[in-house]
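> So here's start11.txt, just compact mmCIF, C-alpha atoms:
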```txt
# COMPACT_ATOMS: atom_id res chain seq x y z
CA MET X 1 116.04 63.95 30.77
CA LYS X 2 112.27 63.47 30.73
CA GLU X 3 111.83 66.66 28.71
CA THR X 4 114.33 65.35 26.13
CA LEU X 5 112.53 62.00 25.99
CA LEU X 6 109.18 63.75 25.55
CA GLN X 7 110.60 65.72 22.63
CA ALA X 8 111.91 62.48 21.10
CA VAL X 9 108.47 60.88 21.49
CA GLU X 10 106.81 63.82 19.76
CA SER X 11 109.34 63.58 16.94
CA ASN X 12 108.72 59.84 16.51
CA LEU X 13 104.98 60.36 16.35
CA SER X 14 105.50 62.41 13.20
CA ARG X 15 107.96 60.01 11.56
CA PRO X 16 107.14 58.64 8.05
CA TRP X 17 104.53 55.86 7.98
CA TYR X 18 106.96 53.33 6.53
CA ARG X 19 109.41 53.65 9.43
CA LEU X 20 108.61 51.21 12.20
CA ARG X 21 111.69 51.56 14.40
CA PHE X 22 112.00 54.55 16.68
CA SER X 23 114.98 56.79 17.25
CA PRO X 24 117.67 55.07 19.41
CA THR X 25 116.56 56.70 22.67
CA VAL X 26 112.88 55.86 22.28
CA GLU X 27 113.63 52.40 20.84
CA ALA X 28 115.69 51.57 23.92
CA ARG X 29 112.85 52.76 26.16
CA PHE X 30 110.33 50.78 24.10
CA GLU X 31 112.29 47.56 24.47
CA ALA X 32 112.87 48.15 28.19
CA ASP X 33 109.16 48.73 28.79
CA THR X 34 107.83 45.90 26.60
CA SER X 35 110.48 43.15 26.80
CA ALA X 36 108.92 41.32 29.75
CA ARG X 37 105.49 41.26 28.12
CA ARG X 38 107.02 40.33 24.77
CA ASN X 39 108.95 37.42 26.28
CA ARG X 40 105.85 36.15 28.06
CA HIS X 41 103.84 36.31 24.83
CA LEU X 42 106.50 34.40 22.88
CA LEU X 43 106.75 31.72 25.57
CA ILE X 44 103.00 31.09 25.55
CA ALA X 45 102.63 31.28 21.76
CA GLY X 46 105.76 29.20 21.22
CA THR X 47 104.59 26.47 23.58
CA VAL X 48 101.20 26.28 21.88
CA ALA X 49 102.84 26.19 18.42
CA LEU X 50 105.23 23.44 19.51
CA VAL X 51 102.38 21.33 20.85
CA ILE X 52 100.37 21.77 17.65
CA TYR X 53 103.43 20.89 15.56
CA GLY X 54 103.69 17.66 17.56
CA LEU X 55 99.98 16.94 17.11
CA TYR X 56 100.56 16.84 13.35
CA PHE X 57 101.96 13.38 14.08
CA PHE X 58 98.35 12.18 13.85
CA ASN X 59 98.36 13.58 10.32
CA ASP X 60 101.44 11.45 9.66
CA VAL X 61 99.64 8.37 10.97
CA VAL X 62 96.88 8.86 8.40
CA ILE X 63 98.87 10.11 5.39
CA ARG X 64 102.27 8.40 5.62
CA PRO X 65 102.15 5.26 7.76
CA GLU X 66 105.09 3.85 5.78
CA SER X 67 107.47 6.56 7.14
CA LEU X 68 105.87 7.05 10.52
CA HIS X 69 109.06 6.38 12.49
CA THR X 70 111.01 8.93 10.45
CA ALA X 71 108.29 11.56 10.92
CA ALA X 72 108.11 10.85 14.66
CA TRP X 73 111.87 11.13 15.03
CA ILE X 74 111.95 14.46 13.16
CA ARG X 75 109.03 15.94 15.11
CA PHE X 76 109.93 14.73 18.60
CA GLY X 77 113.65 14.02 18.31
CA LEU X 78 114.65 17.19 16.47
CA MET X 79 111.99 19.90 16.36
CA THR X 80 110.66 19.51 19.89
CA PRO X 81 114.07 19.69 21.65
CA LEU X 82 115.15 22.60 19.44
CA GLY X 83 111.91 24.42 20.20
CA ILE X 84 112.28 23.85 23.93
CA VAL X 85 115.86 25.18 23.86
CA ALA X 86 114.71 28.28 21.96
CA LEU X 87 111.89 28.94 24.44
CA TYR X 88 114.25 28.40 27.37
CA CYS X 89 116.65 30.99 25.94
CA VAL X 90 113.79 33.46 25.55
CA HIS X 91 112.69 32.74 29.12
CA ARG X 92 116.19 33.41 30.43
CA GLY X 93 116.25 36.74 28.64
CA LEU X 94 117.90 37.66 25.36
CA PRO X 95 118.73 41.00 23.74
CA PRO X 96 115.83 42.11 21.52
CA ALA X 97 117.50 41.27 18.21
CA MET X 98 118.71 37.89 19.48
CA ARG X 99 115.26 37.08 20.83
CA GLU X 100 113.58 37.78 17.49
CA ALA X 101 116.32 35.92 15.60
CA THR X 102 115.87 32.88 17.86
CA MET X 103 112.14 32.70 17.21
CA SER X 104 112.70 33.32 13.49
CA ALA X 105 115.16 30.44 13.43
CA THR X 106 112.55 28.09 14.92
CA MET X 107 110.17 29.00 12.09
CA ILE X 108 112.83 28.33 9.45
CA VAL X 109 113.80 25.03 11.06
CA ALA X 110 110.11 24.04 11.29
CA MET X 111 109.70 24.75 7.57
CA LEU X 112 112.84 22.82 6.70
CA LEU X 113 111.88 19.75 8.77
CA SER X 114 108.31 19.80 7.49
CA ASN X 115 109.63 19.69 3.94
CA VAL X 116 112.00 16.88 4.84
CA ILE X 117 109.06 14.84 6.20
CA PHE X 118 107.17 15.62 3.02
CA VAL X 119 109.89 14.53 0.55
CA LEU X 120 110.93 11.42 2.49
CA SER X 121 107.40 10.03 2.32
CA THR X 122 106.38 7.75 -0.52
CA SER X 123 102.69 8.17 0.22
CA PRO X 124 100.61 9.42 -2.72
CA TYR X 125 98.92 11.87 -0.35
CA SER X 126 102.12 13.41 0.97
CA PHE X 127 101.77 16.38 -1.41
CA LEU X 128 98.83 17.58 0.70
CA ASP X 129 101.36 18.82 3.23
CA THR X 130 102.38 21.59 0.87
CA PHE X 131 99.02 23.30 1.34
CA SER X 132 99.61 23.53 5.11
CA PHE X 133 103.09 25.08 4.92
CA GLY X 134 101.48 28.52 4.90
CA LEU X 135 100.41 27.88 8.51
CA ILE X 136 104.05 28.21 9.51
CA LEU X 137 103.93 31.78 8.20
CA VAL X 138 100.71 32.39 10.13
CA VAL X 139 102.45 31.28 13.30
CA GLY X 140 105.59 33.37 12.76
CA ASN X 141 104.06 36.51 11.29
CA ILE X 142 100.81 36.72 13.25
CA VAL X 143 100.83 34.40 16.28
CA PHE X 144 104.44 35.20 17.24
CA SER X 145 104.19 38.65 15.61
CA LEU X 146 107.88 38.67 14.83
CA ARG X 147 109.25 42.18 14.36
CA PHE X 148 108.57 43.04 10.73
CA GLY X 149 112.17 42.88 9.54
CA PHE X 150 112.58 39.38 10.97
CA ALA X 151 109.15 38.33 9.68
CA LEU X 152 110.09 39.46 6.16
CA VAL X 153 113.41 37.60 6.14
CA THR X 154 111.81 34.51 7.67
CA SER X 155 109.05 34.47 5.06
CA LEU X 156 111.57 34.79 2.21
CA LEU X 157 113.76 31.99 3.55
CA CYS X 158 110.75 29.76 4.14
CA GLY X 159 109.71 30.46 0.53
CA VAL X 160 113.17 29.52 -0.73
CA ILE X 161 113.06 26.27 1.27
CA MET X 162 109.64 25.36 -0.07
CA VAL X 163 110.65 26.06 -3.67
CA ALA X 164 113.84 24.01 -3.22
CA PHE X 165 111.84 20.98 -2.07
CA VAL X 166 108.59 21.27 -4.06
CA VAL X 167 109.85 22.20 -7.55
CA PRO X 168 112.09 19.12 -8.04
CA TYR X 169 109.56 16.76 -6.42
CA ASP X 170 108.50 14.48 -9.28
CA ALA X 171 105.44 12.99 -7.56
CA ILE X 172 103.56 16.30 -7.84
CA GLU X 173 102.28 17.50 -11.16
CA SER X 174 103.22 20.99 -12.32
CA PRO X 175 99.73 22.54 -11.95
CA VAL X 176 99.62 21.37 -8.33
CA LYS X 177 103.10 22.73 -7.70
CA ILE X 178 102.11 26.10 -9.13
CA ASN X 179 98.94 26.12 -7.06
CA THR X 180 100.75 25.35 -3.82
CA LEU X 181 103.37 28.01 -4.48
CA VAL X 182 100.71 30.60 -5.28
CA VAL X 183 98.84 29.72 -2.09
CA PHE X 184 102.07 29.94 -0.08
CA THR X 185 103.04 33.28 -1.67
CA SER X 186 99.57 34.68 -0.99
CA SER X 187 99.81 33.53 2.63
CA ALA X 188 103.20 35.21 2.93
CA ILE X 189 101.91 38.52 1.54
CA PHE X 190 98.74 38.57 3.62
CA THR X 191 100.50 37.61 6.87
CA LEU X 192 103.28 40.13 6.28
CA VAL X 193 100.73 42.91 5.75
CA ALA X 194 98.98 41.86 8.95
CA ASN X 195 102.33 41.65 10.76
CA TYR X 196 103.28 45.16 9.66
CA ARG X 197 99.96 46.59 10.78
CA LEU X 198 100.16 44.80 14.15
CA GLU X 199 103.64 46.14 14.87
CA ALA X 200 102.77 49.64 13.61
CA SER X 201 99.68 49.69 15.82
CA GLU X 202 101.62 48.43 18.84
CA ARG X 203 104.33 51.02 18.40
CA GLN X 204 101.88 53.87 17.79
CA SER X 205 99.90 52.93 20.91
CA TYR X 206 103.10 52.75 22.91
CA LEU X 207 104.16 56.24 21.78
CA LEU X 208 100.79 57.74 22.66
CA LEU X 209 100.77 56.09 26.10
CA LEU X 210 104.38 57.10 26.77
CA ARG X 211 103.66 60.68 25.74
CA GLU X 212 100.67 60.79 28.09
CA LYS X 213 102.73 59.30 30.90
CA LEU X 214 105.57 61.78 30.43
CA ARG X 215 103.14 64.68 30.24
CA ASN X 216 101.43 63.55 33.45
CA GLN X 217 104.80 63.22 35.17
CA ALA X 218 105.79 66.70 34.01
CA ALA X 219 102.48 68.10 35.22
CA LEU X 220 102.88 66.33 38.57
CA LYS X 221 106.40 67.70 38.92
CA ASP X 222 105.13 71.20 38.15
CA ASN X 223 102.34 70.81 40.69
CA GLN X 224 104.80 69.58 43.30
CA THR X 225 107.05 72.53 42.56
CA LEU X 226 104.15 74.95 42.89
CA THR X 227 103.03 73.26 46.11
CA LYS X 228 106.54 73.53 47.53
CA MET X 229 106.76 77.17 46.48
CA SER X 230 103.44 77.95 48.15
CA ALA X 231 104.66 76.31 51.37
CA THR X 232 108.20 77.75 51.39
CA ASP X 233 109.55 81.10 52.43
CA PRO X 234 111.30 82.44 49.29
CA LEU X 235 114.05 84.25 51.21
CA THR X 236 115.24 81.57 53.64
CA GLY X 237 114.01 78.36 51.98
CA VAL X 238 112.33 77.07 55.15
CA ALA X 239 108.58 76.57 55.58
CA ASN X 240 106.35 79.63 55.62
CA ARG X 241 103.50 80.70 57.89
CA ARG X 242 100.87 79.11 55.65
CA HIS X 243 102.56 75.72 55.81
CA PHE X 244 103.05 76.06 59.56
CA ASP X 245 99.32 76.56 60.19
CA SER X 246 98.41 73.33 58.39
CA ALA X 247 101.37 71.40 59.85
CA LEU X 248 100.50 72.45 63.42
CA ALA X 249 96.90 71.28 63.02
CA GLN X 250 98.06 67.96 61.57
CA ARG X 251 100.75 67.33 64.19
CA TRP X 252 98.37 68.31 66.97
CA SER X 253 95.80 65.78 65.74
CA GLU X 254 98.46 63.08 65.39
CA ALA X 255 99.74 63.69 68.91
CA ILE X 256 96.21 63.31 70.30
CA THR X 257 95.73 60.04 68.42
CA GLU X 258 99.15 58.62 69.31
CA GLN X 259 99.17 60.02 72.87
CA THR X 260 102.55 61.74 72.38
CA MET X 261 104.00 65.09 73.38
CA LEU X 262 104.35 68.04 70.99
CA GLY X 263 107.03 70.68 71.39
CA MET X 264 107.59 74.11 69.89
CA LEU X 265 110.38 76.65 69.79
CA VAL X 266 109.67 80.32 69.08
CA ILE X 267 112.94 81.99 68.05
CA ASP X 268 113.60 85.70 67.67
CA ILE X 269 116.83 87.27 66.41
CA ASP X 270 118.00 89.71 69.06
CA CYS X 271 118.28 93.37 68.10
CA PHE X 272 117.65 92.63 64.42
CA LYS X 273 116.30 96.12 63.77
CA ASN X 274 119.64 97.50 64.91
CA TYR X 275 121.37 95.09 62.50
CA ASN X 276 119.20 96.16 59.56
CA ASP X 277 119.70 99.84 60.31
CA ARG X 278 123.47 99.46 60.63
CA TYR X 279 124.26 97.01 57.81
CA GLY X 280 121.39 97.47 55.37
CA HIS X 281 118.50 95.28 54.29
CA LEU X 282 120.53 93.23 51.80
CA GLN X 283 122.91 92.22 54.56
CA GLY X 284 119.88 91.63 56.79
CA ASP X 285 118.46 89.20 54.24
CA ALA X 286 121.80 87.38 54.11
CA CYS X 287 121.76 87.16 57.91
CA LEU X 288 118.27 85.64 57.90
CA ARG X 289 119.38 83.00 55.40
CA GLN X 290 122.42 82.07 57.49
CA VAL X 291 120.33 81.80 60.64
CA ALA X 292 117.73 79.62 58.88
CA VAL X 293 120.40 77.25 57.56
CA GLU X 294 121.96 76.96 61.01
CA MET X 295 118.59 76.13 62.59
CA GLN X 296 118.06 73.30 60.14
CA ARG X 297 121.43 71.83 61.06
CA HIS X 298 120.30 71.30 64.65
CA VAL X 299 116.87 69.67 64.20
CA ARG X 300 115.69 66.18 63.24
CA GLN X 301 115.47 66.38 59.46
CA ASP X 302 112.67 63.83 59.07
CA ASN X 303 110.42 65.05 61.89
CA ASP X 304 111.03 68.65 62.93
CA LEU X 305 109.77 71.62 60.93
CA VAL X 306 111.62 74.96 60.77
CA VAL X 307 109.36 77.89 59.87
CA ARG X 308 109.92 81.55 59.17
CA TYR X 309 106.99 82.90 61.12
CA GLY X 310 107.45 86.52 60.15
CA GLY X 311 110.23 89.12 59.94
CA GLU X 312 113.08 87.94 62.13
CA GLU X 313 110.94 85.42 64.04
CA PHE X 314 111.16 81.67 63.46
CA VAL X 315 109.27 78.68 64.82
CA VAL X 316 110.38 75.07 65.12
CA LEU X 317 107.72 72.37 65.52
CA LEU X 318 108.96 69.29 67.41
CA PRO X 319 106.71 66.20 67.18
CA ASN X 320 107.11 63.49 69.82
CA ALA X 321 109.35 65.69 72.00
CA SER X 322 109.95 65.88 75.71
CA SER X 323 110.75 68.96 77.78
CA GLU X 324 114.38 67.84 78.01
CA SER X 325 114.82 67.15 74.27
CA ALA X 326 113.09 70.41 73.31
CA LYS X 327 115.32 72.44 75.66
CA LEU X 328 118.42 70.69 74.31
CA ALA X 329 117.34 71.45 70.73
CA ALA X 330 116.83 75.10 71.65
CA GLU X 331 120.31 75.32 73.17
CA ARG X 332 121.92 73.67 70.16
CA ILE X 333 120.28 76.23 67.89
CA ARG X 334 121.12 79.18 70.15
CA GLN X 335 124.77 78.18 70.51
CA GLY X 336 125.09 77.35 66.81
CA ILE X 337 123.82 80.77 65.75
CA GLU X 338 126.06 82.55 68.23
CA ALA X 339 129.01 80.52 66.89
CA LEU X 340 128.35 81.95 63.41
CA ALA X 341 129.85 85.15 64.79
CA ILE X 342 127.86 87.42 62.51
CA PRO X 343 128.91 90.94 63.61
CA ASN X 344 126.20 93.10 65.16
CA GLN X 345 128.04 96.17 66.32
CA GLY X 346 125.87 98.49 68.33
CA ALA X 347 123.79 95.78 70.01
CA GLU X 348 123.90 96.28 73.80
CA HIS X 349 124.00 92.64 74.89
CA SER X 350 126.42 91.09 72.36
CA PRO X 351 128.74 92.11 69.50
CA VAL X 352 127.42 89.24 67.33
CA ILE X 353 124.01 88.02 66.20
CA THR X 354 122.22 85.97 68.86
CA VAL X 355 118.73 84.60 69.35
CA SER X 356 116.28 84.28 72.20
CA ILE X 357 114.14 81.16 72.31
CA GLY X 358 110.87 80.30 74.00
CA VAL X 359 110.32 76.56 74.52
CA ALA X 360 107.00 74.87 75.22
CA VAL X 361 105.95 71.22 75.36
CA LEU X 362 102.39 69.98 75.79
CA HIS X 363 100.45 66.75 75.81
CA PRO X 364 97.73 67.74 73.29
CA SER X 365 94.12 66.96 74.07
CA ALA X 366 90.83 67.45 72.28
CA THR X 367 89.81 70.06 74.88
CA GLN X 368 92.73 72.36 74.00
CA ALA X 369 93.33 74.44 70.89
CA ALA X 370 96.59 73.97 68.99
CA SER X 371 97.26 77.68 69.44
CA THR X 372 97.81 76.99 73.17
CA LEU X 373 101.25 75.58 72.41
CA LEU X 374 102.23 78.64 70.40
CA LYS X 375 101.00 80.99 73.16
CA ARG X 376 103.07 79.14 75.77
CA ALA X 377 106.22 79.21 73.63
CA ASP X 378 105.63 82.87 72.80
CA GLU X 379 105.30 83.80 76.45
CA ALA X 380 108.50 81.89 77.24
CA LEU X 381 110.23 83.88 74.48
CA TYR X 382 109.26 87.15 76.13
CA GLN X 383 110.65 85.88 79.40
CA ALA X 384 113.95 85.14 77.63
CA LYS X 385 113.96 88.66 76.20
CA ARG X 386 113.23 90.23 79.58
CA ALA X 387 115.97 88.13 81.19
CA GLY X 388 118.64 89.65 78.94
CA ARG X 389 118.36 87.91 75.52
CA ASN X 390 120.64 85.22 74.04
CA ARG X 391 119.05 82.46 76.09
CA SER X 392 116.29 79.87 75.96
CA VAL X 393 113.48 79.60 78.47
CA LEU X 394 111.23 76.57 78.97
CA ALA X 395 107.60 77.36 79.69
CA PRO X 396 106.42 75.77 82.97
CA ASP X 397 103.82 73.01 82.95
CA GLY X 398 101.20 75.10 84.68
CA PRO X 399 99.51 78.31 83.50
CA LEU X 400 101.93 81.05 82.57
CA PRO X 401 101.73 84.38 84.36
CA ALA X 402 100.14 87.23 82.46
```
For the file at hand, write its structure as structure tokens.

Amino acid sequence: MKETLLQAVESNLSRPWYRLRFSPTVEARFEADTSARRNRHLLIAGTVALVIYGLYFFNDVVIRPESLHTAAWIRFGLMTPLGIVALYCVHRGLPPAMREATMSATMIVAMLLSNVIFVLSTSPYSFLDTFSFGLILVVGNIVFSLRFGFALVTSLLCGVIMVAFVVPYDAIESPVKINTLVVFTSSAIFTLVANYRLEASERQSYLLLLREKLRNQAALKDNQTLTKMSATDPLTGVANRRHFDSALAQRWSEAITEQTMLGMLVIDIDCFKNYNDRYGHLQGDACLRQVAVEMQRHVRQDNDLVVRYGGEEFVVLLPNASSESAKLAAERIRQGIEALAIPNQGAEHSPVITVSIGVAVLHPSATQAASTLLKRADEALYQAKRAGRNRSVLAPDGPLPA
């Protein structure tokens, strides 16, 4: 999935310059990653714009005192509630297209109501409002940074509204009308160019960051795979000798710090040479895999570590174990492997594959080496072998006999 997304990102980075939207997969990811930030930006910018729109009431006080009540009602009775509703909807979360359409609608309504205030006034200075209508485009196209498609449609509709109100307005002379429309058109063009560049830059930056993130994740996954391979026995899938050495040192140190016991099982498949000679090495490999899987079924998955120590010998590291729990784990493993009933004709002690297990448990201390635990378990294994195989032997607490 990530590889497919990375390919899509690479493809979008080479798309034509005039295409802002991404392919469906990347566009969906873009919206998912940026929607929260986008909503927060629109809420802040929208609140500021709404406050400033209300502050233009002081402009009404100076320019059109004769229609002050009408202007106040339009600004605070219509535009303010509509703006608050729009911002509330954005805050609650809207689909991307609906979110942009909602903010575009507030710009169009603001333009419409501003023109209504302008034409309803009989003040000789009311025409000055027409020179400030371009600020609505600045808010929508730059402050809100509406997605370019919505910014373009909003600018066109705002232009249509302004023309519909300004052209038939008799109190303004034609040269002034032309001037205001030219200024408005220029504002629309400049803000749309800026809007396009802002969105293009945002999208390009997002693609580059996403590509870097996906590459880093892929590299991390590869590193984790390599690390796992270096720590895993390729035949049986359990930990290898290299991983065991580092794990034993770590668990030993942890047991000293936490004042807990550490247990170990050393497991040897009985008469495995006879099995290899009789059934062949391919069958021997299959046997080792079955035995390894069975061992893992009888240990604590989150704590215990099963290791292929070498050849047909395995080790199980048991953190925070007691003598009783370690011996029980050894018996579960021994009985489970015997229950597999893997034929081993020609073995003197049993017609099926069995294991002998040496069990040792110590309370680690800084004065002992971690290898002490392995030596104790190994000696207990030899005792199990000498006692007839297919059994587990717990090393005594004191020094083992030579």
> As a ChimeraX atom specification, please: the residues near Leu318 of chain X (cut-off 6 Å, only C-alpha atoms, same-chain neighbours under 6 positions excluded).
/X:262-264,304
> Show which residues sit within 8 Å of segment 86-97 of chain X, as a PyMOL selection string. Count only C-alpha atoms, and ignore same-chain residues fewer than 6 positions away.
chain X and resi 31+35+39-40+42-43+46-47+103+106
> Include C-alpha atoms and write out the residues we just selected as an mmCIF file, in the frame of the given file.

```cif
data_model
loop_
_atom_site.group_PDB
_atom_site.id
_atom_site.type_symbol
_atom_site.label_atom_id
_atom_site.label_comp_id
_atom_site.auth_asym_id
_atom_site.auth_seq_id
_atom_site.Cartn_x
_atom_site.Cartn_y
_atom_site.Cartn_z
ATOM 1 C CA GLU X 31 112.290 47.560 24.470
ATOM 2 C CA SER X 35 110.480 43.150 26.800
ATOM 3 C CA ASN X 39 108.950 37.420 26.280
ATOM 4 C CA ARG X 40 105.850 36.150 28.060
ATOM 5 C CA LEU X 42 106.500 34.400 22.880
ATOM 6 C CA LEU X 43 106.750 31.720 25.570
ATOM 7 C CA GLY X 46 105.760 29.200 21.220
ATOM 8 C CA THR X 47 104.590 26.470 23.580
ATOM 9 C CA MET X 103 112.140 32.700 17.210
ATOM 10 C CA THR X 106 112.550 28.090 14.920
#
```
> Determine, counting all atoms listed in the file, which protein, DNA and RNA residues have an atom within 9 Å of an atom of segment 77-79 of chain X; residues of the same chain fewer than 2 positions away are not included. Present the result as a count of residues only.
15
> If I take atom CA of Ile337 of chain X and atom CA of Lys385 of chain X, how far is one from the other in Å, to one decimal?
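Distance reported for this atom pair: 16.4 Å.
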> Let me make sure I understand: among X:Trp252, X:Tyr169, X:Phe184, X:Phe150, which one has the smallest atom-to-atom distance to Arg99 of chain X if we use all atoms listed in the file?
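Of the candidates, the smallest distance to Arg99 of chain X is held by X:Phe150.
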> From the list X:Arg391, X:His243, X:Arg37, X:Arg21, which residue is nearest Asp270 of chain X when using only C-alpha atoms?
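Nearest to Asp270 of chain X: X:Arg391.
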> Counting all atoms listed in the file, find residues at most 12 Å from (118.7, 88.4, 79.7) (file frame) and give them as an MDAnalysis selection string.
chainID X and resid 270 348:350 354:357 381:393
> Give the answer as one residue: which of X:Lys177, X:Ala171, X:Ala188, X:Leu128 has the shortest atom-to-atom distance to Leu156 of chain X, using only C-alpha atoms?
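Under the stated criterion, the closest residue is X:Ala188.
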> Using only C-alpha atoms, what table do you get, as CSV, when you list each residue of segment 299-368 of chain X with an atom no more than 8 Å from segment 272-293 of chain X, its nearest pair of atoms, and their distance in Å rounded to one decimal, rows by chain then rising number?

```
residue,atom,partner,partner_atom,distance
X:Val306,CA,X:Ala292,CA,7.9
X:Glu312,CA,X:Phe272,CA,6.9
X:Ile337,CA,X:Val291,CA,6.3
X:Ile342,CA,X:Cys287,CA,7.6
X:Asn344,CA,X:Tyr275,CA,5.9
X:Gln345,CA,X:Tyr275,CA,7.8
X:Gly346,CA,X:Asn274,CA,7.2
X:Ala347,CA,X:Asn274,CA,6.8
```
> Between atom CA of Ser325 of chain X and atom CA of Thr367 of chain X, what is the distance, to one decimal in Å?
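Separation of atom CA of Ser325 of chain X and atom CA of Thr367 of chain X: 25.2 Å.
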> Need the shell around segment 205-219 of chain X: protein/DNA/RNA residues with any atom at most 8 Å away, counting all atoms listed in the file. Skip same-chain ones fewer than 3 positions apart. Format as a VMD selection string?
chain X and resid 2 6 9 to 10 12 to 13 30 201 to 202 222 to 223
> Between atom CA of Thr185 of chain X and atom CA of Arg64 of chain X, what is the distance, to one decimal in Å?
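Calculated distance between atom CA of Thr185 of chain X and atom CA of Arg64 of chain X is 25.9 Å.
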> Which of these residues is nearest to Leu248 of chain X, using only C-alpha atoms: X:Val316, X:Leu68, X:Leu146, X:Met295?
X:Val316
> Using all atoms listed in the file, which residue out of X:Ser126, X:Ala151, X:Val61, X:Phe118 lies closest to Ser104 of chain X?
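Comparing X:Ser126, X:Ala151, X:Val61, X:Phe118 against Ser104 of chain X, the winner is X:Ala151.
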> Taking only C-alpha atoms into account, name the residue in X:Gln204, X:Thr122, X:Asn195, X:Thr70 that is nearest to Arg15 of chain X.
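The answer is X:Gln204, which sits nearest to Arg15 of chain X.
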> Which polymer residues, protein or nucleic acid, are no farther than 12 Å from (103.8, 64.2, 64.8), counting all atoms listed in the file, as a PyMOL selection string?
chain X and resi 247-264+302-305+317-321+363-364
> Quick one: residues within 10 Å of Asp129 of chain X, all atoms listed in the file, excluding same-chain residues fewer than 3 positions away - as a list in words?
Asn59, Asp60, Ile63, Ser114, Asn115, Ile117, Phe118, Val119, Tyr125, Ser126, Ser132, Phe133, Gly134 and Thr180 of chain X
> With all atoms of segment 54-73 of chain X from the file as input, state the centre and edge lengths in Å to one decimal of the axis-aligned box that has 5 Å extra on each side, as AutoDock Vina command-line options.

```
--center_x 104.4 --center_y 10.8 --center_z 11.5 --size_x 25.0 --size_y 23.8 --size_z 22.2
```
